[in-house]
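Below: one structure, written as structure tokens.
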Amino acid sequence: MATALGSIAEIDRELALRRVDPDTGEPFQRTSVMTHLAWVPSEWVEAAEDVLSGLAERHPSRTIVLVPDGGVADGLEAEVEVDCFPSGGERQVCVETIRVRLCGARAGVPASVVQPLLLPDLPVFLRWRGMPPFGEQPFEELLDVVDRLIVDSTEWPGVPGDYERLTEVFDRVVVSDIAWARTSRWRPHLASLWPGIAEVRRIKVEGTAAQAHLLAGWLRSRLGHDVELEHEQADKLVGVDLDGEPASLPPGESPDPADLLSDELDRFSRDRVYEEAVRAAV
Amino acid sequence: MTETAPKQEQENPLLEGLTLRRTPDPCVLVIFGASGDLTRRKLFPALYSLALRRLLPERFAVVGVARTDSSDDDFREQMKEAVQKHGRDEFRDEAWDTLAEGMRYVATDFADDGGEDKVVQVLNELDEQRGTAGNRVYYFAVPPDAISTLLREIGERRSSEGWTRMIVEKPFGRDLATAQELNAQIQQHFDESQIFRIDHYLGKETVQNLLALRFANGIFEPIWNRQFVDHVQITVAESIGIEGRASFYEQSGAIRDVFQNHLLQLVALTAMEPPIDFTADSVRNEKVKVLRSLHTPGPKHVVRGQYGRGYVEGEEVPGYREEEGVAADSLTETYVAAKLYVDNWRWADTPFYVRAGKRLARRETTIAIEFKRAPHPPFEVSDEDAGLRPNVLVCHIQPDEGVSLEFAAKVPGQGMSLRTVHMDFLYGGAFRTAIPEAYERLLLDCLLGDATLFTRADEVEEQWALVDAIVGFWKRDKPSFPNYAAGTWGPGASEELLRRDGRTWRRH
């Protein structure tokens, strides 16, 4: 049964206990390349767990899953987990996951909970599920402690209008958008149509709204002229027409969500092309 | 009014920010020695892994050439089984089918009249069918004595279209004279940029990580020199025997099989100066300077050995002279250790102890940099009394790829007791993607024309010059073999090599 922990000290103590193999008394080999924060409102918990389960093995990190629950009495309810993976020979490497339910007013001040749990000197990534509450305290606080914000604008209800607020944080934090990553097979493919694509004026995208607006914004910003967008809703990006002519399909298969998030965790620098695509999508 | 350049001439703005992979030109890979072990165990599994990741050019073909009679279909079937058995990736029919579609087999012997015509005919057909544009990579997975004929025939019949590259397996010659002869033959028909002398150690991720460790970190280079380093130990240990390769091994021994290439390349990478960039010539220029400055102080600083009967992992194994195909009085060495010096400003008087051998206690390739002790520890108990070891930075090339640092730490409790502890970085722990096989990297680099991880003619010749000096020592006396039991760490004389300098090999 998971242990409910009510303070940072208790979390630290429990982590220390779990870093030792109970059978041999030997410490586990711990590896971390980053702290990965995930802000997961309760409606996103299931989806987030699916993605995280595929991620820990590829990106050994300390993962801190924050579940805000403002409607109950103040407090922290945390549990920790140490997962070990084989790493050649008989060795194993272990990664830590800390799940923290931020109850009551604590949900409004997450940075004070997160700061003592960050791994020193390593980059901090924040995966924000759903639409970030731009301008509100929890989001603004966390932005100040992270190096990179990862969103999936496919989860947002009102693109392209929602992008307006996103552009305001570009100078504060590096932003990754999984919706943009989902267009990564298509962009080199469309680029390969140069110079024929240079004068395109109309694009029809069959995919999510985010993908459609980002692709149109990308073409507008790169080509330097307006490109009219027609969007046909689909769960994933399955087709693009340019001036009424269907483009051929790009090679390869669509990556799964864990792969997309994993790829974003490999990037550290600001993506100016994405930022310009977002501005042009608005 | 300003004129606008036509779109065709403008830079493609859609490419900005895209991480585009370089794709090799269309080409045909011709493998001489296609029925051999290397092709089955390494080359085709590597080609399959590249195909699976879509790293091969779309217009690509492989021609297997060997003396054994076989058909295209049989060749495909044999290689499919090899990939399923030896490949690191899950077998997927669609990836294999794409590769197999471009596979051909030619049964021929280049020593026969017209043997080479059969290959040329198939290559011309492939150029037409698959659009490979006359581009060729020839892989010589054949014994060294077969290479001369192949070079001559290819040189004389090379296509007038496209580019030609050649991958030559080790050993490149069997001494300095034969290596120079081979280089001269190559230069009759080809230039150095077309030759890719393969040493698969250089394709290993962890060998390349040595360069990252040294040159991407600010903290190591300032102490990577004679002022701070007491000595360096490089070990290339195998627990396996000769695995049925008696005819090859009887001719080469440990000094030609491993010391001349893998081991000296590790010395070069460890001792080299920082290159100005990571281009082929910059890296190789620095390596060759090290190889040129290497010497061993004399015969008593080189040890050779041959394994006798013993136990490896609890199983009794035969001695070298009992292996099938090995002469009962063979004097071939299966172990070599040496003290080397790098005569330059950075390393003067700093010994590099190196050893390589078969049937040793465990498989392990490591580079250990042992630092000088702290000049004046202020504790009551001396380092030696406390059992403290000097600081050692160990690069684990294989297995357990990674880096570890040994340093002293206080034992918790009253007083000041000290103990040596390890800080380990496991390569596979921080990077959870599977490590590509060395042959994948090297084949792809050759297809892309990047020779950084291949050895240049002058490097090979410098390596042979040192080997010739050692072999020259050995001609003066007859060793008493076998002199170490299988499953141990080599002959006693190897321990003595360090002991007389007041040092010991690292404990494993």
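Labels used: A, B, ... for chains in the order of the structure tokens, numbers from 1 for residues in each chain, and numbers from 1 for ligands as shown.
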
Polymer residues at most 7 Å from Thr63 of chain A, only C-alpha atoms, same-chain spacing of 4 or more positions, as an mmCIF file with N, CA and C atoms, in the first residue's frame:
```
data_model
loop_
_atom_site.group_PDB
_atom_site.id
_atom_site.type_symbol
_atom_site.label_atom_id
_atom_site.label_comp_id
_atom_site.auth_asym_id
_atom_site.auth_seq_id
_atom_site.Cartn_x
_atom_site.Cartn_y
_atom_site.Cartn_z
ATOM 1 N N THR A 35 14.805 17.357 -13.796
ATOM 2 C CA THR A 35 13.581 17.215 -13.005
ATOM 3 C C THR A 35 12.426 17.465 -13.961
ATOM 4 N N HIS A 36 11.493 16.559 -13.933
ATOM 5 C CA HIS A 36 10.354 16.660 -14.834
ATOM 6 C C HIS A 36 9.115 16.902 -13.975
ATOM 7 N N LEU A 37 8.569 18.095 -14.091
ATOM 8 C CA LEU A 37 7.343 18.413 -13.363
ATOM 9 C C LEU A 37 6.147 18.166 -14.276
ATOM 10 N N GLU A 96 13.111 8.176 -9.730
ATOM 11 C CA GLU A 96 12.157 8.465 -8.666
ATOM 12 C C GLU A 96 10.949 9.217 -9.206
ATOM 13 N N THR A 97 9.793 8.825 -8.726
ATOM 14 C CA THR A 97 8.578 9.571 -9.049
ATOM 15 C C THR A 97 7.932 10.000 -7.737
ATOM 16 N N ILE A 98 7.633 11.274 -7.662
ATOM 17 C CA ILE A 98 6.960 11.801 -6.463
ATOM 18 C C ILE A 98 5.593 12.317 -6.907
#
```

Inset, instruction - Output as JSON, numbers by chain all residues of segment 161-198 of chain B that backbone DSSP marks as alpha helix (DSSP H). - result: {"B": [176, 177, 178, 179, 180, 181, 182, 183, 184, 185, 186, 187, 188, 189]}

Selection: 12 Å around Leu126 of chain B, only C-alpha atoms, excl. self and same-chain fewer than 2 positions, as a short mmCIF file (atom, residue, chain, number, x, y, z; two decimals) with all heavy atoms, in the first residue's frame:
```cif
data_model
loop_
_atom_site.label_atom_id
_atom_site.label_comp_id
_atom_site.auth_asym_id
_atom_site.auth_seq_id
_atom_site.Cartn_x
_atom_site.Cartn_y
_atom_site.Cartn_z
N PRO B 26 22.54 7.69 -53.35
CA PRO B 26 22.24 6.33 -53.84
C PRO B 26 23.55 5.60 -54.10
O PRO B 26 24.52 6.21 -54.59
CB PRO B 26 21.50 6.58 -55.15
CG PRO B 26 20.98 7.97 -55.06
CD PRO B 26 21.96 8.72 -54.20
N CYS B 27 23.61 4.32 -53.80
CA CYS B 27 24.87 3.59 -54.03
C CYS B 27 24.66 2.09 -53.92
O CYS B 27 23.60 1.63 -53.47
CB CYS B 27 25.95 4.02 -53.04
SG CYS B 27 25.56 3.67 -51.34
N VAL B 28 25.69 1.35 -54.34
CA VAL B 28 25.70 -0.09 -54.16
C VAL B 28 26.84 -0.42 -53.19
O VAL B 28 27.95 0.08 -53.35
CB VAL B 28 25.97 -0.84 -55.49
CG1 VAL B 28 25.88 -2.35 -55.27
CG2 VAL B 28 25.01 -0.41 -56.57
N LEU B 29 26.53 -1.25 -52.21
CA LEU B 29 27.56 -1.77 -51.31
C LEU B 29 27.94 -3.16 -51.79
O LEU B 29 27.07 -4.04 -51.88
CB LEU B 29 27.00 -1.83 -49.88
CG LEU B 29 27.86 -2.54 -48.83
CD1 LEU B 29 29.17 -1.79 -48.59
CD2 LEU B 29 27.09 -2.66 -47.51
N VAL B 30 29.20 -3.34 -52.11
CA VAL B 30 29.67 -4.64 -52.58
C VAL B 30 30.50 -5.27 -51.47
O VAL B 30 31.49 -4.68 -51.04
CB VAL B 30 30.55 -4.49 -53.85
CG1 VAL B 30 30.96 -5.86 -54.38
CG2 VAL B 30 29.83 -3.68 -54.91
N ARG B 59 17.57 4.61 -52.84
CA ARG B 59 18.09 3.81 -53.96
C ARG B 59 19.39 3.18 -53.50
O ARG B 59 20.44 3.83 -53.49
CB ARG B 59 18.27 4.69 -55.20
CG ARG B 59 16.93 5.09 -55.81
CD ARG B 59 17.10 6.04 -56.95
NE ARG B 59 17.39 7.39 -56.49
CZ ARG B 59 18.03 8.31 -57.21
NH1 ARG B 59 18.46 8.03 -58.41
NH2 ARG B 59 18.25 9.50 -56.71
N PHE B 60 19.28 1.94 -53.06
CA PHE B 60 20.41 1.27 -52.43
C PHE B 60 20.39 -0.20 -52.81
O PHE B 60 19.32 -0.78 -53.03
CB PHE B 60 20.27 1.42 -50.90
CG PHE B 60 21.40 0.80 -50.12
CD1 PHE B 60 22.68 1.34 -50.17
CD2 PHE B 60 21.18 -0.32 -49.33
CE1 PHE B 60 23.72 0.77 -49.44
CE2 PHE B 60 22.21 -0.88 -48.60
CZ PHE B 60 23.48 -0.34 -48.65
N ALA B 61 21.56 -0.79 -52.92
CA ALA B 61 21.63 -2.22 -53.22
C ALA B 61 22.87 -2.80 -52.54
O ALA B 61 23.81 -2.08 -52.23
CB ALA B 61 21.72 -2.44 -54.73
N VAL B 62 22.81 -4.11 -52.28
CA VAL B 62 23.96 -4.80 -51.69
C VAL B 62 24.29 -5.99 -52.58
O VAL B 62 23.40 -6.79 -52.89
CB VAL B 62 23.65 -5.34 -50.28
CG1 VAL B 62 24.92 -5.87 -49.62
CG2 VAL B 62 23.02 -4.28 -49.40
N VAL B 63 25.53 -6.09 -52.96
CA VAL B 63 25.97 -7.25 -53.74
C VAL B 63 26.93 -8.06 -52.88
O VAL B 63 27.96 -7.54 -52.44
CB VAL B 63 26.68 -6.81 -55.05
CG1 VAL B 63 27.17 -8.04 -55.81
CG2 VAL B 63 25.73 -6.00 -55.92
N GLU B 101 15.15 -6.54 -51.29
CA GLU B 101 14.80 -6.26 -52.69
C GLU B 101 16.04 -5.86 -53.50
O GLU B 101 16.15 -6.18 -54.68
CB GLU B 101 13.79 -5.11 -52.67
CG GLU B 101 12.98 -4.95 -53.92
CD GLU B 101 12.09 -3.71 -53.77
OE1 GLU B 101 11.53 -3.50 -52.68
OE2 GLU B 101 12.00 -2.97 -54.75
N GLY B 102 16.97 -5.18 -52.84
CA GLY B 102 18.16 -4.72 -53.55
C GLY B 102 19.37 -5.63 -53.36
O GLY B 102 20.49 -5.20 -53.60
N MET B 103 19.15 -6.86 -52.93
CA MET B 103 20.29 -7.76 -52.67
C MET B 103 20.56 -8.69 -53.85
O MET B 103 19.63 -9.27 -54.41
CB MET B 103 20.04 -8.59 -51.41
CG MET B 103 20.26 -7.82 -50.12
SD MET B 103 19.67 -8.71 -48.67
CE MET B 103 20.71 -10.16 -48.70
N ARG B 104 21.84 -8.82 -54.18
CA ARG B 104 22.25 -9.76 -55.23
C ARG B 104 23.43 -10.56 -54.71
O ARG B 104 24.13 -10.12 -53.79
CB ARG B 104 22.70 -9.00 -56.50
CG ARG B 104 21.67 -8.11 -57.10
CD ARG B 104 20.62 -8.90 -57.89
NE ARG B 104 19.75 -8.00 -58.61
CZ ARG B 104 18.71 -7.37 -58.05
NH1 ARG B 104 18.41 -7.56 -56.77
NH2 ARG B 104 17.97 -6.55 -58.77
N TYR B 105 23.65 -11.69 -55.34
CA TYR B 105 24.81 -12.51 -54.95
C TYR B 105 25.59 -12.90 -56.20
O TYR B 105 25.00 -13.28 -57.22
CB TYR B 105 24.34 -13.77 -54.22
CG TYR B 105 25.51 -14.62 -53.74
CD1 TYR B 105 26.18 -14.30 -52.57
CD2 TYR B 105 25.94 -15.72 -54.47
CE1 TYR B 105 27.26 -15.05 -52.13
CE2 TYR B 105 27.02 -16.49 -54.04
CZ TYR B 105 27.67 -16.14 -52.86
OH TYR B 105 28.75 -16.88 -52.43
N VAL B 119 30.87 -9.39 -61.57
CA VAL B 119 30.47 -8.36 -60.60
C VAL B 119 30.12 -7.06 -61.33
O VAL B 119 29.09 -6.44 -61.07
CB VAL B 119 31.60 -8.10 -59.57
CG1 VAL B 119 31.21 -7.00 -58.61
CG2 VAL B 119 31.93 -9.37 -58.82
N VAL B 120 30.96 -6.70 -62.29
CA VAL B 120 30.72 -5.46 -63.02
C VAL B 120 29.37 -5.51 -63.73
O VAL B 120 28.59 -4.54 -63.72
CB VAL B 120 31.86 -5.21 -64.04
CG1 VAL B 120 31.53 -4.04 -64.95
CG2 VAL B 120 33.17 -4.94 -63.30
N GLN B 121 29.06 -6.69 -64.28
CA GLN B 121 27.78 -6.83 -64.99
C GLN B 121 26.59 -6.60 -64.03
O GLN B 121 25.65 -5.87 -64.35
CB GLN B 121 27.71 -8.24 -65.58
CG GLN B 121 26.53 -8.44 -66.52
CD GLN B 121 26.43 -9.90 -66.97
OE1 GLN B 121 27.43 -10.64 -66.99
NE2 GLN B 121 25.23 -10.30 -67.32
N VAL B 122 26.67 -7.21 -62.86
CA VAL B 122 25.58 -7.04 -61.88
C VAL B 122 25.49 -5.58 -61.44
O VAL B 122 24.39 -5.02 -61.30
CB VAL B 122 25.79 -7.97 -60.67
CG1 VAL B 122 24.81 -7.64 -59.55
CG2 VAL B 122 25.63 -9.42 -61.09
N LEU B 123 26.62 -4.94 -61.24
CA LEU B 123 26.62 -3.54 -60.81
C LEU B 123 25.98 -2.65 -61.87
O LEU B 123 25.19 -1.75 -61.54
CB LEU B 123 28.04 -3.07 -60.50
CG LEU B 123 28.69 -3.68 -59.25
CD1 LEU B 123 30.15 -3.26 -59.14
CD2 LEU B 123 27.93 -3.24 -58.01
N ASN B 124 26.30 -2.92 -63.12
CA ASN B 124 25.69 -2.11 -64.19
C ASN B 124 24.17 -2.32 -64.23
O ASN B 124 23.41 -1.37 -64.42
CB ASN B 124 26.31 -2.48 -65.54
CG ASN B 124 27.75 -1.98 -65.63
OD1 ASN B 124 28.14 -1.07 -64.90
ND2 ASN B 124 28.55 -2.59 -66.49
N GLU B 128 21.05 0.54 -63.49
CA GLU B 128 19.86 0.78 -64.34
C GLU B 128 18.58 0.54 -63.58
O GLU B 128 17.65 1.34 -63.62
CB GLU B 128 19.90 -0.16 -65.55
CG GLU B 128 20.80 0.36 -66.65
CD GLU B 128 20.58 -0.38 -67.96
OE1 GLU B 128 19.53 -1.03 -68.11
OE2 GLU B 128 21.47 -0.30 -68.81
N GLN B 129 18.54 -0.58 -62.84
CA GLN B 129 17.28 -0.94 -62.18
C GLN B 129 16.98 -0.06 -60.97
O GLN B 129 15.84 0.28 -60.70
CB GLN B 129 17.35 -2.39 -61.69
CG GLN B 129 17.36 -3.41 -62.81
CD GLN B 129 17.81 -4.79 -62.29
OE1 GLN B 129 17.98 -5.01 -61.11
NE2 GLN B 129 18.01 -5.71 -63.23
N ARG B 130 18.01 0.29 -60.21
CA ARG B 130 17.76 0.95 -58.93
C ARG B 130 18.29 2.38 -58.87
O ARG B 130 18.22 3.02 -57.82
CB ARG B 130 18.36 0.13 -57.78
CG ARG B 130 17.76 -1.27 -57.72
CD ARG B 130 18.25 -2.05 -56.54
NE ARG B 130 17.78 -1.51 -55.26
CZ ARG B 130 16.60 -1.74 -54.72
NH1 ARG B 130 15.74 -2.51 -55.35
NH2 ARG B 130 16.27 -1.22 -53.57
N GLY B 131 18.86 2.85 -59.96
CA GLY B 131 19.30 4.25 -60.02
C GLY B 131 20.43 4.56 -59.07
O GLY B 131 20.45 5.61 -58.41
N THR B 132 21.39 3.64 -58.95
CA THR B 132 22.47 3.84 -57.99
C THR B 132 23.63 4.66 -58.55
O THR B 132 24.64 4.88 -57.86
CB THR B 132 22.98 2.48 -57.45
OG1 THR B 132 23.04 1.54 -58.54
CG2 THR B 132 22.03 1.93 -56.42
N ALA B 133 23.50 5.08 -59.80
CA ALA B 133 24.33 6.15 -60.37
C ALA B 133 25.84 5.90 -60.36
O ALA B 133 26.61 6.84 -60.32
CB ALA B 133 24.02 7.47 -59.63
N GLY B 134 26.25 4.65 -60.37
CA GLY B 134 27.69 4.36 -60.42
C GLY B 134 28.41 4.53 -59.10
O GLY B 134 29.63 4.36 -59.03
N ASN B 135 27.69 4.89 -58.02
CA ASN B 135 28.33 5.06 -56.71
C ASN B 135 28.56 3.70 -56.07
O ASN B 135 27.63 2.88 -55.99
CB ASN B 135 27.46 5.92 -55.78
CG ASN B 135 27.30 7.33 -56.30
OD1 ASN B 135 28.20 7.86 -56.95
ND2 ASN B 135 26.15 7.94 -56.03
N ARG B 136 29.77 3.47 -55.57
CA ARG B 136 30.11 2.15 -55.04
C ARG B 136 30.83 2.26 -53.71
O ARG B 136 31.73 3.08 -53.53
CB ARG B 136 31.10 1.43 -55.97
CG ARG B 136 30.73 1.45 -57.43
CD ARG B 136 29.80 0.28 -57.75
NE ARG B 136 29.55 0.21 -59.18
CZ ARG B 136 28.43 0.65 -59.75
NH1 ARG B 136 27.47 1.18 -59.03
NH2 ARG B 136 28.28 0.53 -61.05
#
```

Using only C-alpha atoms, find each residue of segment 92-189 of chain A with at least one atom at most 10 Å away from an atom of segment 242-251 of chain A; report its shortest atom-to-atom pair and that distance in Å (one decimal), sort the rows by chain and rising residue number, and return the result as a Markdown table.
```
| residue | atom | partner | partner_atom | distance |
| --- | --- | --- | --- | --- |
| A:Ser184 | CA | A:Pro250 | CA | 10.0 |
| A:Arg185 | CA | A:Pro250 | CA | 6.3 |
| A:Trp186 | CA | A:Pro250 | CA | 6.0 |
| A:Arg187 | CA | A:Pro250 | CA | 9.0 |
| A:Pro188 | CA | A:Pro250 | CA | 8.5 |
| A:His189 | CA | A:Pro250 | CA | 5.7 |
```

Inset, instruction - From segment 17-239 of chain A, collect each residue whose DSSP state is strand (DSSP E) and return the set as an MDAnalysis selection string. - result: chainID A and resid 29:30 35:39 62:69 75:86 92:103 124:128 148:151 174:177 202:207 228:233 239

Exercise: Ser193 of chain B partners within 12 Å, only C-alpha atoms, chain neighbours under 4 positions left out, as a PDB file with N, CA, C and O atoms, in the first residue's frame:
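Result written to selection20.pdb:
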```
ATOM      1  N   TRP B 163      30.982   7.929 -57.417  1.00  0.00           N
ATOM      2  CA  TRP B 163      32.159   7.862 -56.554  1.00  0.00           C
ATOM      3  C   TRP B 163      32.439   6.417 -56.139  1.00  0.00           C
ATOM      4  O   TRP B 163      31.570   5.554 -56.195  1.00  0.00           O
ATOM      5  N   THR B 164      33.672   6.199 -55.700  1.00  0.00           N
ATOM      6  CA  THR B 164      34.073   4.868 -55.234  1.00  0.00           C
ATOM      7  C   THR B 164      34.736   5.006 -53.869  1.00  0.00           C
ATOM      8  O   THR B 164      35.591   5.865 -53.679  1.00  0.00           O
ATOM      9  N   ARG B 165      34.296   4.182 -52.928  1.00  0.00           N
ATOM     10  CA  ARG B 165      34.938   4.147 -51.610  1.00  0.00           C
ATOM     11  C   ARG B 165      35.229   2.696 -51.239  1.00  0.00           C
ATOM     12  O   ARG B 165      34.513   1.800 -51.687  1.00  0.00           O
ATOM     13  N   MET B 166      36.247   2.500 -50.437  1.00  0.00           N
ATOM     14  CA  MET B 166      36.599   1.143 -50.052  1.00  0.00           C
ATOM     15  C   MET B 166      36.777   1.030 -48.554  1.00  0.00           C
ATOM     16  O   MET B 166      37.446   1.860 -47.946  1.00  0.00           O
ATOM     17  N   ILE B 167      36.152   0.002 -47.984  1.00  0.00           N
ATOM     18  CA  ILE B 167      36.330  -0.250 -46.558  1.00  0.00           C
ATOM     19  C   ILE B 167      37.234  -1.471 -46.425  1.00  0.00           C
ATOM     20  O   ILE B 167      36.936  -2.532 -46.971  1.00  0.00           O
ATOM     21  N   ILE B 186      47.202   0.936 -53.095  1.00  0.00           N
ATOM     22  CA  ILE B 186      45.962   1.720 -53.061  1.00  0.00           C
ATOM     23  C   ILE B 186      46.167   3.049 -53.775  1.00  0.00           C
ATOM     24  O   ILE B 186      45.334   3.481 -54.580  1.00  0.00           O
ATOM     25  N   GLN B 187      47.308   3.662 -53.467  1.00  0.00           N
ATOM     26  CA  GLN B 187      47.543   4.996 -54.029  1.00  0.00           C
ATOM     27  C   GLN B 187      47.759   4.980 -55.541  1.00  0.00           C
ATOM     28  O   GLN B 187      47.669   6.010 -56.196  1.00  0.00           O
ATOM     29  N   HIS B 189      45.714   3.563 -57.542  1.00  0.00           N
ATOM     30  CA  HIS B 189      44.381   3.663 -58.162  1.00  0.00           C
ATOM     31  C   HIS B 189      43.443   4.648 -57.468  1.00  0.00           C
ATOM     32  O   HIS B 189      42.491   5.125 -58.076  1.00  0.00           O
ATOM     33  N   ARG B 197      39.788   2.614 -43.632  1.00  0.00           N
ATOM     34  CA  ARG B 197      40.357   1.469 -42.907  1.00  0.00           C
ATOM     35  C   ARG B 197      39.585   1.342 -41.601  1.00  0.00           C
ATOM     36  O   ARG B 197      39.623   2.241 -40.762  1.00  0.00           O
ATOM     37  N   ALA B 280      37.595  14.834 -40.118  1.00  0.00           N
ATOM     38  CA  ALA B 280      38.433  13.638 -40.207  1.00  0.00           C
ATOM     39  C   ALA B 280      39.909  13.980 -40.064  1.00  0.00           C
ATOM     40  O   ALA B 280      40.633  13.372 -39.267  1.00  0.00           O
ATOM     41  N   ASP B 281      40.362  14.963 -40.798  1.00  0.00           N
ATOM     42  CA  ASP B 281      41.796  15.222 -40.776  1.00  0.00           C
ATOM     43  C   ASP B 281      42.255  15.862 -39.478  1.00  0.00           C
ATOM     44  O   ASP B 281      43.346  15.568 -38.996  1.00  0.00           O
ATOM     45  N   CYS B 446      30.699   5.812 -43.690  1.00  0.00           N
ATOM     46  CA  CYS B 446      31.347   5.592 -44.990  1.00  0.00           C
ATOM     47  C   CYS B 446      30.387   5.953 -46.130  1.00  0.00           C
ATOM     48  O   CYS B 446      30.783   6.610 -47.092  1.00  0.00           O
ATOM     49  N   GLY B 449      30.541   9.404 -46.539  1.00  0.00           N
ATOM     50  CA  GLY B 449      31.863   9.925 -46.909  1.00  0.00           C
ATOM     51  C   GLY B 449      32.617  10.560 -45.758  1.00  0.00           C
ATOM     52  O   GLY B 449      33.555  11.326 -45.970  1.00  0.00           O
ATOM     53  N   ASP B 450      32.230  10.247 -44.517  1.00  0.00           N
ATOM     54  CA  ASP B 450      32.889  10.839 -43.352  1.00  0.00           C
ATOM     55  C   ASP B 450      33.920   9.850 -42.790  1.00  0.00           C
ATOM     56  O   ASP B 450      33.565   8.798 -42.252  1.00  0.00           O
ATOM     57  N   ALA B 451      35.200  10.205 -42.877  1.00  0.00           N
ATOM     58  CA  ALA B 451      36.274   9.272 -42.497  1.00  0.00           C
ATOM     59  C   ALA B 451      36.815   9.521 -41.095  1.00  0.00           C
ATOM     60  O   ALA B 451      37.826   8.943 -40.719  1.00  0.00           O
ATOM     61  N   THR B 452      36.152  10.356 -40.311  1.00  0.00           N
ATOM     62  CA  THR B 452      36.685  10.718 -38.993  1.00  0.00           C
ATOM     63  C   THR B 452      37.000   9.489 -38.140  1.00  0.00           C
ATOM     64  O   THR B 452      37.996   9.458 -37.429  1.00  0.00           O
ATOM     65  N   PHE B 454      37.743   6.466 -39.041  1.00  0.00           N
ATOM     66  CA  PHE B 454      38.531   5.437 -39.733  1.00  0.00           C
ATOM     67  C   PHE B 454      40.005   5.836 -39.633  1.00  0.00           C
ATOM     68  O   PHE B 454      40.331   7.020 -39.495  1.00  0.00           O
ATOM     69  N   THR B 455      40.879   4.824 -39.740  1.00  0.00           N
ATOM     70  CA  THR B 455      42.297   5.138 -39.563  1.00  0.00           C
ATOM     71  C   THR B 455      42.952   5.492 -40.896  1.00  0.00           C
ATOM     72  O   THR B 455      42.649   4.890 -41.923  1.00  0.00           O
ATOM     73  N   ARG B 456      43.854   6.442 -40.850  1.00  0.00           N
ATOM     74  CA  ARG B 456      44.511   6.939 -42.049  1.00  0.00           C
ATOM     75  C   ARG B 456      45.796   6.148 -42.283  1.00  0.00           C
ATOM     76  O   ARG B 456      46.322   5.522 -41.361  1.00  0.00           O
ATOM     77  N   ALA B 457      46.321   6.221 -43.490  1.00  0.00           N
ATOM     78  CA  ALA B 457      47.513   5.446 -43.853  1.00  0.00           C
ATOM     79  C   ALA B 457      48.662   5.692 -42.875  1.00  0.00           C
ATOM     80  O   ALA B 457      49.314   4.750 -42.399  1.00  0.00           O
TER      81      ALA B 457
END
```

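When only C-alpha atoms are used to measure the gap to Thr39 of chain B, the shortest distance among B:Arg53, B:Lys80, B:His376, B:Arg499 belongs to B:Lys80.
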
Inset, instruction - Excluding Asp230 of chain B and residues on its chain fewer than 4 positions from it, collect all residues at most 7 Å away from it, counting only C-alpha atoms, and give them as a list in words. - result: Arg226, Thr350, Glu370, Phe371 and Lys372 of chain B

Inset, instruction - Provide the atom CA of Ser480 of chain B to atom CA of Arg304 of chain B distance in Å, to one decimal place. - result: 9.9 Å

Inset, instruction - Excluding Ala100 of chain B and any residue of its chain fewer than 4 positions from it, enumerate the residues within 10 Å of it, using only C-alpha atoms, and give them as a ChimeraX atom specification. - result: /B:48,61-62,72-73,75-77,79-80,93-96,104

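Of note, atom CA of Ile242 of chain B and atom CA of Pro479 of chain B are spaced 20.0 Å apart.
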
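One distance worth recording is that between atom CA of Gln265 of chain B and atom CA of Leu291 of chain B, which is 8.4 Å.
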
Inset, instruction - Counting only C-alpha atoms, figure out which residue out of B:Pro274, B:Pro57, B:Gly162, B:Gly155 gets nearest to Phe220 of chain B. - result: B:Pro274

Inset, instruction - Write out as a ChimeraX atom specification which residues come within 10 Å of Val114 of chain A when counting only C-alpha atoms, dropping same-chain ones fewer than 5 positions away. - result: /A:8,37,64-66,100,109,142,145

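When only C-alpha atoms are used to measure the gap to chain B, the shortest distance among A:Ser254, A:Thr154, A:Ser61, A:Ser176 belongs to A:Ser61.
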
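Distances here use only C-alpha atoms; by that measure, the residue among A:Met34, A:Ala9, A:Ala216, A:Ala280 closest to Val113 of chain A is A:Ala9.
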